[in-house]
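Peer 1: Data: coords.pdb, PDB, C-alpha atoms, pLDDT in the B column.
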MODEL        1
ATOM      1  CA  MET E   1     -49.147  20.832-128.426  1.00 82.00           C
ATOM      2  CA  ALA E   2     -48.219  17.348-127.270  1.00 93.00           C
ATOM      3  CA  LEU E   3     -44.773  16.819-125.832  1.00 96.00           C
ATOM      4  CA  ASP E   4     -43.287  13.333-125.459  1.00 98.00           C
ATOM      5  CA  ILE E   5     -41.188  12.973-122.329  1.00 98.00           C
ATOM      6  CA  LEU E   6     -38.573  10.221-122.014  1.00 98.00           C
ATOM      7  CA  TYR E   7     -36.852   9.165-118.795  1.00 98.00           C
ATOM      8  CA  PHE E   8     -33.564   7.300-118.472  1.00 98.00           C
ATOM      9  CA  ALA E   9     -31.485   5.572-115.789  1.00 98.00           C
ATOM     10  CA  TRP E  10     -32.498   6.334-112.173  1.00 98.00           C
ATOM     11  CA  VAL E  11     -34.899   9.045-113.305  1.00 98.00           C
ATOM     12  CA  ARG E  12     -36.824   6.332-115.203  1.00 98.00           C
ATOM     13  CA  GLU E  13     -36.642   3.920-112.243  1.00 98.00           C
ATOM     14  CA  ARG E  14     -37.900   6.434-109.681  1.00 98.00           C
ATOM     15  CA  ILE E  15     -40.774   7.626-111.869  1.00 98.00           C
ATOM     16  CA  GLY E  16     -41.627   4.053-112.798  1.00 98.00           C
ATOM     17  CA  ILE E  17     -42.245   4.581-116.540  1.00 98.00           C
ATOM     18  CA  ASP E  18     -39.909   5.226-119.460  1.00 98.00           C
ATOM     19  CA  SER E  19     -42.060   7.702-121.390  1.00 98.00           C
ATOM     20  CA  GLU E  20     -45.318   9.609-121.443  1.00 98.00           C
ATOM     21  CA  ARG E  21     -47.061  12.329-123.419  1.00 97.00           C
ATOM     22  CA  ILE E  22     -48.153  15.602-121.830  1.00 96.00           C
ATOM     23  CA  ASP E  23     -49.874  18.725-123.087  1.00 92.00           C
ATOM     24  CA  GLN E  24     -47.231  21.378-123.227  1.00 84.00           C
ATOM     25  CA  PRO E  25     -48.424  24.210-120.975  1.00 78.00           C
ATOM     26  CA  ASP E  26     -46.872  27.078-122.944  1.00 84.00           C
ATOM     27  CA  SER E  27     -44.329  27.241-125.793  1.00 78.00           C
ATOM     28  CA  ARG E  28     -42.342  29.736-123.721  1.00 91.00           C
ATOM     29  CA  ALA E  29     -41.959  27.181-120.912  1.00 95.00           C
ATOM     30  CA  THR E  30     -38.390  26.087-120.247  1.00 96.00           C
ATOM     31  CA  VAL E  31     -37.188  22.553-119.545  1.00 97.00           C
ATOM     32  CA  ALA E  32     -36.852  23.594-115.885  1.00 97.00           C
ATOM     33  CA  ASP E  33     -40.517  24.718-115.868  1.00 96.00           C
ATOM     34  CA  ILE E  34     -41.610  21.287-117.119  1.00 97.00           C
ATOM     35  CA  VAL E  35     -39.400  19.608-114.491  1.00 97.00           C
ATOM     36  CA  THR E  36     -41.041  21.707-111.748  1.00 97.00           C
ATOM     37  CA  LEU E  37     -44.496  20.860-113.093  1.00 96.00           C
ATOM     38  CA  LEU E  38     -43.743  17.124-113.116  1.00 97.00           C
ATOM     39  CA  ALA E  39     -42.032  17.147-109.691  1.00 98.00           C
ATOM     40  CA  ALA E  40     -45.198  18.715-108.236  1.00 97.00           C
ATOM     41  CA  ARG E  41     -47.026  15.440-108.966  1.00 97.00           C
ATOM     42  CA  GLY E  42     -45.191  14.069-105.908  1.00 97.00           C
ATOM     43  CA  GLY E  43     -44.278  10.415-105.261  1.00 97.00           C
ATOM     44  CA  GLY E  44     -41.696   9.014-107.668  1.00 98.00           C
ATOM     45  CA  TYR E  45     -41.794  12.202-109.729  1.00 98.00           C
ATOM     46  CA  ALA E  46     -40.725  14.281-106.736  1.00 98.00           C
ATOM     47  CA  GLU E  47     -38.047  11.718-105.859  1.00 98.00           C
ATOM     48  CA  ALA E  48     -36.647  11.800-109.386  1.00 98.00           C
ATOM     49  CA  LEU E  49     -36.968  15.476-110.196  1.00 98.00           C
ATOM     50  CA  ASP E  50     -36.772  17.432-106.925  1.00 96.00           C
ATOM     51  CA  ASP E  51     -33.125  18.355-107.392  1.00 96.00           C
ATOM     52  CA  PRO E  52     -32.657  19.825-110.894  1.00 95.00           C
ATOM     53  CA  ALA E  53     -28.900  20.176-110.291  1.00 94.00           C
ATOM     54  CA  ARG E  54     -28.684  16.364-110.640  1.00 95.00           C
ATOM     55  CA  LEU E  55     -30.570  16.340-113.959  1.00 97.00           C
ATOM     56  CA  ARG E  56     -29.556  16.727-117.582  1.00 97.00           C
ATOM     57  CA  ALA E  57     -31.875  17.148-120.561  1.00 98.00           C
ATOM     58  CA  ALA E  58     -32.187  16.781-124.314  1.00 98.00           C
ATOM     59  CA  LEU E  59     -34.721  18.374-126.667  1.00 97.00           C
ATOM     60  CA  ASP E  60     -35.345  16.481-129.901  1.00 98.00           C
ATOM     61  CA  GLN E  61     -32.225  14.365-129.251  1.00 98.00           C
ATOM     62  CA  ARG E  62     -29.870  17.303-128.565  1.00 97.00           C
ATOM     63  CA  PHE E  63     -28.385  18.083-125.143  1.00 97.00           C
ATOM     64  CA  VAL E  64     -29.650  21.407-123.788  1.00 97.00           C
ATOM     65  CA  PRO E  65     -29.251  23.369-120.538  1.00 97.00           C
ATOM     66  CA  LEU E  66     -32.279  23.229-118.231  1.00 97.00           C
ATOM     67  CA  ASP E  67     -33.079  26.893-118.799  1.00 96.00           C
ATOM     68  CA  SER E  68     -33.725  26.291-122.529  1.00 96.00           C
ATOM     69  CA  PRO E  69     -37.222  27.076-123.819  1.00 96.00           C
ATOM     70  CA  VAL E  70     -39.005  23.941-125.034  1.00 95.00           C
ATOM     71  CA  GLY E  71     -40.365  25.902-128.014  1.00 94.00           C
ATOM     72  CA  GLU E  72     -41.446  23.679-130.903  1.00 93.00           C
ATOM     73  CA  ALA E  73     -39.627  20.562-129.674  1.00 95.00           C
ATOM     74  CA  ARG E  74     -41.623  17.314-129.795  1.00 96.00           C
ATOM     75  CA  GLU E  75     -39.457  15.232-127.475  1.00 97.00           C
ATOM     76  CA  LEU E  76     -37.928  16.051-124.092  1.00 98.00           C
ATOM     77  CA  ALA E  77     -35.615  13.564-122.384  1.00 98.00           C
ATOM     78  CA  LEU E  78     -34.673  13.829-118.692  1.00 98.00           C
ATOM     79  CA  PHE E  79     -31.789  11.844-117.221  1.00 98.00           C
ATOM     80  CA  PRO E  80     -28.792  11.959-114.881  1.00 98.00           C
ATOM     81  CA  PRO E  81     -25.322  13.009-116.127  1.00 96.00           C
ATOM     82  CA  VAL E  82     -24.105  10.441-118.668  1.00 97.00           C
ATOM     83  CA  THR E  83     -21.614   7.698-117.777  1.00 96.00           C
ATOM     84  CA  GLY E  84     -20.662   5.899-120.990  1.00 94.00           C
ATOM     85  CA  GLY E  85     -17.280   5.087-122.461  1.00 91.00           C
TER      86      GLY E  85
ATOM     87  CA  MET H   1     -13.793   6.028-143.451  1.00 95.00           C
ATOM     88  CA  LYS H   2     -16.304   6.554-140.678  1.00 97.00           C
ATOM     89  CA  ARG H   3     -17.748   3.572-138.859  1.00 98.00           C
ATOM     90  CA  ILE H   4     -20.121   3.962-135.913  1.00 98.00           C
ATOM     91  CA  ALA H   5     -21.966   1.123-134.225  1.00 98.00           C
ATOM     92  CA  VAL H   6     -24.067   0.876-131.055  1.00 98.00           C
ATOM     93  CA  GLN H   7     -24.842  -2.776-130.408  1.00 98.00           C
ATOM     94  CA  PRO H   8     -25.296  -5.454-127.734  1.00 98.00           C
ATOM     95  CA  GLU H   9     -22.906  -7.814-129.540  1.00 98.00           C
ATOM     96  CA  ASP H  10     -19.183  -8.054-128.939  1.00 98.00           C
ATOM     97  CA  PHE H  11     -16.810  -6.813-131.637  1.00 98.00           C
ATOM     98  CA  ASP H  12     -13.678  -8.222-133.275  1.00 98.00           C
ATOM     99  CA  ALA H  13     -10.990  -5.725-132.296  1.00 97.00           C
ATOM    100  CA  ALA H  14      -8.394  -7.282-134.624  1.00 98.00           C
ATOM    101  CA  ALA H  15     -10.725  -6.979-137.626  1.00 98.00           C
ATOM    102  CA  GLU H  16     -11.539  -3.359-136.715  1.00 98.00           C
ATOM    103  CA  LEU H  17      -7.819  -2.515-136.479  1.00 98.00           C
ATOM    104  CA  ALA H  18      -7.097  -4.306-139.765  1.00 98.00           C
ATOM    105  CA  ALA H  19      -9.738  -2.170-141.523  1.00 98.00           C
ATOM    106  CA  LEU H  20      -8.074   0.992-140.185  1.00 98.00           C
ATOM    107  CA  GLU H  21      -4.588  -0.262-141.130  1.00 97.00           C
ATOM    108  CA  ALA H  22      -5.782  -0.986-144.659  1.00 97.00           C
ATOM    109  CA  LEU H  23      -6.413   2.745-145.164  1.00 97.00           C
ATOM    110  CA  GLY H  24      -2.678   3.092-145.688  1.00 92.00           C
ATOM    111  CA  GLY H  25      -2.137   6.014-143.331  1.00 93.00           C
ATOM    112  CA  GLY H  26       0.905   4.743-141.543  1.00 90.00           C
ATOM    113  CA  GLY H  27      -0.528   5.280-138.070  1.00 96.00           C
ATOM    114  CA  VAL H  28      -3.405   3.671-136.181  1.00 98.00           C
ATOM    115  CA  ALA H  29      -4.321   4.408-132.550  1.00 98.00           C
ATOM    116  CA  SER H  30      -6.972   2.600-130.553  1.00 98.00           C
ATOM    117  CA  PHE H  31      -8.622   2.331-127.155  1.00 98.00           C
ATOM    118  CA  ILE H  32     -10.650  -0.579-125.807  1.00 98.00           C
ATOM    119  CA  GLY H  33     -12.707  -0.194-122.622  1.00 97.00           C
ATOM    120  CA  ILE H  34     -13.264  -3.368-120.592  1.00 97.00           C
ATOM    121  CA  VAL H  35     -15.609  -4.121-117.662  1.00 97.00           C
ATOM    122  CA  ARG H  36     -13.621  -4.198-114.400  1.00 93.00           C
ATOM    123  CA  GLY H  37     -14.696  -6.875-111.912  1.00 89.00           C
ATOM    124  CA  GLU H  38     -13.815  -4.806-108.838  1.00 87.00           C
ATOM    125  CA  GLY H  39     -15.561  -4.948-105.477  1.00 87.00           C
ATOM    126  CA  GLY H  40     -17.656  -8.010-106.239  1.00 89.00           C
ATOM    127  CA  LEU H  41     -19.157  -6.597-109.411  1.00 95.00           C
ATOM    128  CA  VAL H  42     -20.956  -9.332-111.340  1.00 96.00           C
ATOM    129  CA  ALA H  43     -22.322  -7.310-114.269  1.00 97.00           C
ATOM    130  CA  LEU H  44     -22.672  -3.905-115.807  1.00 97.00           C
ATOM    131  CA  GLU H  45     -25.901  -2.855-117.521  1.00 97.00           C
ATOM    132  CA  LEU H  46     -25.523  -0.164-120.170  1.00 98.00           C
ATOM    133  CA  GLU H  47     -28.646   1.839-120.931  1.00 98.00           C
ATOM    134  CA  HIS H  48     -28.810   4.371-123.764  1.00 98.00           C
ATOM    135  CA  TYR H  49     -31.163   6.724-125.613  1.00 98.00           C
ATOM    136  CA  PRO H  50     -31.619   4.850-128.896  1.00 97.00           C
ATOM    137  CA  ALA H  51     -32.963   7.739-130.990  1.00 97.00           C
ATOM    138  CA  MET H  52     -30.104   9.988-129.913  1.00 98.00           C
ATOM    139  CA  THR H  53     -27.077   7.756-129.415  1.00 98.00           C
ATOM    140  CA  GLU H  54     -25.882   7.211-132.982  1.00 97.00           C
ATOM    141  CA  PRO H  55     -26.561  10.790-134.181  1.00 97.00           C
ATOM    142  CA  GLN H  56     -24.725  12.124-131.119  1.00 97.00           C
ATOM    143  CA  VAL H  57     -21.721   9.798-131.566  1.00 98.00           C
ATOM    144  CA  ASP H  58     -21.714  10.833-135.226  1.00 98.00           C
ATOM    145  CA  ARG H  59     -21.466  14.521-134.210  1.00 97.00           C
ATOM    146  CA  ILE H  60     -18.574  13.730-131.860  1.00 97.00           C
ATOM    147  CA  VAL H  61     -16.774  11.820-134.633  1.00 98.00           C
ATOM    148  CA  ASP H  62     -17.345  14.756-137.015  1.00 97.00           C
ATOM    149  CA  GLN H  63     -15.652  17.054-134.517  1.00 96.00           C
ATOM    150  CA  ALA H  64     -12.604  14.769-134.480  1.00 97.00           C
ATOM    151  CA  LEU H  65     -12.579  14.690-138.303  1.00 97.00           C
ATOM    152  CA  GLU H  66     -12.690  18.497-138.404  1.00 97.00           C
ATOM    153  CA  ARG H  67      -9.909  18.832-135.907  1.00 97.00           C
ATOM    154  CA  TRP H  68      -7.370  16.249-137.016  1.00 97.00           C
ATOM    155  CA  PRO H  69      -6.286  15.000-140.460  1.00 97.00           C
ATOM    156  CA  LEU H  70      -7.773  11.508-140.149  1.00 98.00           C
ATOM    157  CA  LEU H  71      -8.202   8.820-142.782  1.00 98.00           C
ATOM    158  CA  GLY H  72     -10.560   6.771-140.681  1.00 98.00           C
ATOM    159  CA  VAL H  73     -12.465   6.653-137.390  1.00 98.00           C
ATOM    160  CA  THR H  74     -14.239   3.672-135.845  1.00 98.00           C
ATOM    161  CA  VAL H  75     -16.389   3.903-132.720  1.00 98.00           C
ATOM    162  CA  ILE H  76     -18.230   0.849-131.408  1.00 98.00           C
ATOM    163  CA  HIS H  77     -20.136   1.095-128.117  1.00 98.00           C
ATOM    164  CA  ARG H  78     -21.897  -1.877-126.617  1.00 98.00           C
ATOM    165  CA  VAL H  79     -25.184  -1.700-124.691  1.00 98.00           C
ATOM    166  CA  GLY H  80     -27.063  -4.148-122.475  1.00 98.00           C
ATOM    167  CA  ARG H  81     -25.702  -6.505-119.834  1.00 98.00           C
ATOM    168  CA  LEU H  82     -21.918  -7.016-119.787  1.00 98.00           C
ATOM    169  CA  GLU H  83     -19.882  -9.192-117.436  1.00 97.00           C
ATOM    170  CA  PRO H  84     -16.391  -8.511-116.017  1.00 97.00           C
ATOM    171  CA  GLY H  85     -13.767  -8.883-118.739  1.00 97.00           C
ATOM    172  CA  ALA H  86     -16.228  -7.999-121.503  1.00 98.00           C
ATOM    173  CA  ARG H  87     -15.305  -5.272-123.977  1.00 98.00           C
ATOM    174  CA  ILE H  88     -17.508  -2.162-123.706  1.00 98.00           C
ATOM    175  CA  VAL H  89     -16.138   0.257-126.246  1.00 98.00           C
ATOM    176  CA  PHE H  90     -13.724   0.459-129.168  1.00 98.00           C
ATOM    177  CA  VAL H  91     -12.270   3.688-130.529  1.00 98.00           C
ATOM    178  CA  GLY H  92      -9.830   3.529-133.424  1.00 98.00           C
ATOM    179  CA  THR H  93      -8.315   6.268-135.543  1.00 98.00           C
ATOM    180  CA  ALA H  94      -6.057   6.186-138.593  1.00 98.00           C
ATOM    181  CA  SER H  95      -3.863   9.003-139.836  1.00 98.00           C
ATOM    182  CA  ARG H  96      -0.630   9.725-141.630  1.00 97.00           C
ATOM    183  CA  HIS H  97       0.596  11.286-138.379  1.00 93.00           C
ATOM    184  CA  ARG H  98       0.920   9.578-135.005  1.00 96.00           C
ATOM    185  CA  THR H  99       0.039  12.748-133.079  1.00 97.00           C
ATOM    186  CA  ALA H 100      -3.275  13.106-134.930  1.00 97.00           C
ATOM    187  CA  ALA H 101      -4.116   9.425-134.416  1.00 98.00           C
ATOM    188  CA  LEU H 102      -3.236   9.416-130.698  1.00 98.00           C
ATOM    189  CA  GLU H 103      -4.797  12.770-129.814  1.00 98.00           C
ATOM    190  CA  SER H 104      -8.040  12.171-131.702  1.00 98.00           C
ATOM    191  CA  CYS H 105      -8.382   8.749-130.076  1.00 98.00           C
ATOM    192  CA  ALA H 106      -8.026  10.312-126.598  1.00 98.00           C
ATOM    193  CA  PHE H 107     -10.463  13.103-127.528  1.00 97.00           C
ATOM    194  CA  LEU H 108     -13.057  10.587-128.757  1.00 98.00           C
ATOM    195  CA  ILE H 109     -13.018   8.454-125.619  1.00 97.00           C
ATOM    196  CA  ASP H 110     -13.130  11.524-123.342  1.00 96.00           C
ATOM    197  CA  TRP H 111     -16.118  12.903-125.259  1.00 95.00           C
ATOM    198  CA  LEU H 112     -17.921   9.554-125.392  1.00 96.00           C
ATOM    199  CA  LYS H 113     -17.718   9.464-121.591  1.00 95.00           C
ATOM    200  CA  SER H 114     -19.214  12.888-121.054  1.00 94.00           C
ATOM    201  CA  HIS H 115     -21.213  13.760-124.208  1.00 95.00           C
ATOM    202  CA  ALA H 116     -22.986  10.601-125.355  1.00 97.00           C
ATOM    203  CA  PRO H 117     -26.266   9.345-123.837  1.00 98.00           C
ATOM    204  CA  PHE H 118     -25.140   6.156-122.084  1.00 98.00           C
ATOM    205  CA  TRP H 119     -25.716   5.232-118.421  1.00 98.00           C
ATOM    206  CA  LYS H 120     -24.015   2.407-116.527  1.00 97.00           C
ATOM    207  CA  LYS H 121     -25.586   0.437-113.707  1.00 98.00           C
ATOM    208  CA  GLU H 122     -23.404  -1.883-111.632  1.00 97.00           C
ATOM    209  CA  TYR H 123     -24.723  -5.145-110.190  1.00 97.00           C
ATOM    210  CA  PHE H 124     -23.075  -6.883-107.265  1.00 95.00           C
ATOM    211  CA  ALA H 125     -23.102 -10.458-105.912  1.00 90.00           C
ATOM    212  CA  ASP H 126     -25.705  -9.549-103.262  1.00 87.00           C
ATOM    213  CA  GLY H 127     -28.139  -8.527-106.032  1.00 83.00           C
ATOM    214  CA  GLU H 128     -27.722  -4.824-105.314  1.00 87.00           C
ATOM    215  CA  GLY H 129     -27.796  -2.512-108.340  1.00 94.00           C
ATOM    216  CA  ARG H 130     -26.129   0.901-108.291  1.00 96.00           C
ATOM    217  CA  TRP H 131     -26.054   3.611-110.971  1.00 97.00           C
ATOM    218  CA  VAL H 132     -22.551   4.820-111.736  1.00 96.00           C
ATOM    219  CA  VAL H 133     -22.128   8.477-110.778  1.00 95.00           C
ATOM    220  CA  ALA H 134     -20.568  10.796-113.371  1.00 91.00           C
ATOM    221  CA  ARG H 135     -17.126  11.942-112.288  1.00 86.00           C
ATOM    222  CA  ALA H 136     -16.261  15.632-112.323  1.00 82.00           C
ATOM    223  CA  GLU H 137     -12.810  14.560-113.486  1.00 83.00           C
ATOM    224  CA  ASP H 138     -14.249  13.067-116.709  1.00 83.00           C
ATOM    225  CA  GLU H 139     -16.208  16.248-117.370  1.00 79.00           C
ATOM    226  CA  ALA H 140     -13.060  18.328-116.841  1.00 82.00           C
ATOM    227  CA  LYS H 141     -11.062  16.097-119.194  1.00 83.00           C
ATOM    228  CA  ALA H 142     -13.613  16.521-121.970  1.00 81.00           C
ATOM    229  CA  ALA H 143     -13.817  20.276-121.348  1.00 81.00           C
ATOM    230  CA  GLY H 144     -10.037  20.444-121.617  1.00 82.00           C
ATOM    231  CA  TRP H 145     -10.221  19.609-125.327  1.00 79.00           C
ATOM    232  CA  GLN H 146     -12.251  22.749-126.030  1.00 70.00           C
ATOM    233  CA  SER H 147      -9.365  25.063-125.280  1.00 53.00           C
ATOM    234  CA  PHE H 148      -6.892  22.661-126.847  1.00 48.00           C
TER     235      PHE H 148
ENDMDL
END
Output the file's structure as structure tokens, nothing else.

Peer 2:
Amino acid sequence: MALDILYFAWVRERIGIDSERIDQPDSRATVADIVTLLAARGGGYAEALDDPARLRAALDQRFVPLDSPVGEARELALFPPVTGG
Amino acid sequence: MKRIAVQPEDFDAAAELAALEALGGGGVASFIGIVRGEGGLVALELEHYPAMTEPQVDRIVDQALERWPLLGVTVIHRVGRLEPGARIVFVGTASRHRTAALESCAFLIDWLKSHAPFWKKEYFADGEGRWVVARAEDEAKAAGWQSF
């Protein structure tokens, strides 16, 4: 199944694009698994995603912990901790 | 009354307060966040996650409505490039009781800081851009409301 991935803030800047579509490897994969997969591409991906402790995520526009299974979600967003207000 | 807006445009704080006052509750509390021009800051760029921002702010507002007896809530958050002195955010609450209005207003701004998908980037006179780092203190403040 296709999974749309969105990047925000410095995650977006380091990777160099704001979104892309990937083939989801396995519905049991967690957000952290996808992060590891993307970081393994090296370059900007590694720079942005090498330290999962600095990342936050949302599945289908809901915040989730990184150990959440992606399941049937269609959209995964990866970004640093939020700083609004 | 529930009013939520995420927009690049400035807002009219007096008009927003008047709308809350007109609800007849007897108490209106508000908070306005403004860009600080400290350390040579020339602008702040606010990025957000358009598909998620309004639904998420709506969920935060619903939590406030569940928790306090409110007649009205207004949350306006600006996005895009903002210069020092510009308003960033407006939170206003109306209630029959001052405690409900004041507490819910504080809750809303704490939660907007730590639970809504906005990111600030600071630009300085030398052209340098720097992403604002989330403060553990803000996270702790928001968490504090859970055991409230």

Peer 1: Identify every residue of chain E that has at least one atom within 8 Å of any atom of chain H, counting only C-alpha atoms, and report the result as a list in words.

Peer 2: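 Going by the stated atoms only, the list reads Phe8, Ala9, Trp10, Gln61, Arg62, Pro81, Val82, Thr83, Gly84 and Gly85 of chain E.
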
Peer 1: Can you turn the PyMOL selection byres ((chain E and resi 16) around 12) into a concrete residue list for this file, as number ranges by chain?

Peer 2: E: 6-15, 17-20, 43-48

Peer 1: Just to confirm, what's the straight-line distance from CA of Ala2 in chain E to CA of Ala29 in chain E in Å (one decimal)?

Peer 2: 13.3 Å

Peer 1: Take the PyMOL selection byres ((chain E and resi 36) around 12), apply it to the structure above, and return the hits as a list in words.

Peer 2: Ala29, Thr30, Val31, Ala32, Asp33, Ile34, Val35, Leu37, Leu38, Ala39, Ala40, Arg41, Gly42, Tyr45, Ala46, Glu47, Ala48, Leu49, Asp50, Asp51, Pro52, Leu55, Leu66 and Asp67 of chain E

Peer 1: Please measure the separation of CA of Trp68 in chain H and CA of Glu137 in chain H, giving the value in Å to one decimal.

Peer 2: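 Spanning CA of Trp68 in chain H to CA of Glu137 in chain H is a straight-line distance of 24.2 Å.
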
Peer 1: Got a sec to resolve the PyMOL selection byres ((chain E and resi 1) around 9) on this structure and send the residues as a CSV table (one decimal) with C-alpha atoms, keeping the file's coordinate frame?

Peer 2:
chain,number,residue,atom,x,y,z
E,2,ALA,CA,-48.2,17.3,-127.3
E,3,LEU,CA,-44.8,16.8,-125.8
E,22,ILE,CA,-48.2,15.6,-121.8
E,23,ASP,CA,-49.9,18.7,-123.1
E,24,GLN,CA,-47.2,21.4,-123.2
E,25,PRO,CA,-48.4,24.2,-121.0
E,26,ASP,CA,-46.9,27.1,-122.9
E,27,SER,CA,-44.3,27.2,-125.8
E,72,GLU,CA,-41.4,23.7,-130.9
E,74,ARG,CA,-41.6,17.3,-129.8

Peer 1: Restricting the calculation to only C-alpha atoms, which member of E:Arg21, E:Asp4, E:Arg28, E:Pro80 is positioned closest to Arg54 in chain E?

Peer 2: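 Among the listed residues, E:Pro80 lies closest to Arg54 in chain E.
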
Peer 1: My list of candidates is H:Pro8, H:Gly26, H:Pro69, H:Gly40. Which is closest to Gly127 in chain H when distances are computed with all atoms listed in the file?

Peer 2: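 Looking only at the distances to Gly127 in chain H, the closest residue turns out to be H:Gly40.
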
Peer 1: Around all of range 62-80 of chain E's listed atoms, make the axis-aligned box with 4 Å on each side and tell me centre and edge lengths in Å to one decimal, as lines of an AutoDock Vina configuration file.

Peer 2:
center_x = -35.0
center_y = 19.5
center_z = -122.9
size_x = 21.2
size_y = 23.2
size_z = 24.0

Peer 1: As an exercise, work out the distance from CA of Val57 in chain H to CA of Pro69 in chain E in Å and give it to one decimal place.

Peer 2: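 Rounded to one decimal, the two atoms are 24.5 Å apart.
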
Peer 1: Mind listing whatever residues come within 10 Å of the point (-7.0, 8.9, -141.6)? Use only C-alpha atoms, file coordinates, and give them as a short mmCIF file (atom, residue, chain, number, x, y, z; two decimals) with C-alpha atoms, in the coordinates of the input.

Peer 2:
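In the end it all went to out39.cif:
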data_model
loop_
_atom_site.label_atom_id
_atom_site.label_comp_id
_atom_site.auth_asym_id
_atom_site.auth_seq_id
_atom_site.Cartn_x
_atom_site.Cartn_y
_atom_site.Cartn_z
CA MET H 1 -13.79 6.03 -143.45
CA LYS H 2 -16.30 6.55 -140.68
CA LEU H 20 -8.07 0.99 -140.18
CA GLU H 21 -4.59 -0.26 -141.13
CA LEU H 23 -6.41 2.74 -145.16
CA GLY H 24 -2.68 3.09 -145.69
CA GLY H 25 -2.14 6.01 -143.33
CA GLY H 26 0.90 4.74 -141.54
CA GLY H 27 -0.53 5.28 -138.07
CA VAL H 28 -3.40 3.67 -136.18
CA LEU H 65 -12.58 14.69 -138.30
CA TRP H 68 -7.37 16.25 -137.02
CA PRO H 69 -6.29 15.00 -140.46
CA LEU H 70 -7.77 11.51 -140.15
CA LEU H 71 -8.20 8.82 -142.78
CA GLY H 72 -10.56 6.77 -140.68
CA VAL H 73 -12.46 6.65 -137.39
CA THR H 93 -8.32 6.27 -135.54
CA ALA H 94 -6.06 6.19 -138.59
CA SER H 95 -3.86 9.00 -139.84
CA ARG H 96 -0.63 9.72 -141.63
CA HIS H 97 0.60 11.29 -138.38
CA ALA H 100 -3.28 13.11 -134.93
CA ALA H 101 -4.12 9.43 -134.42
#
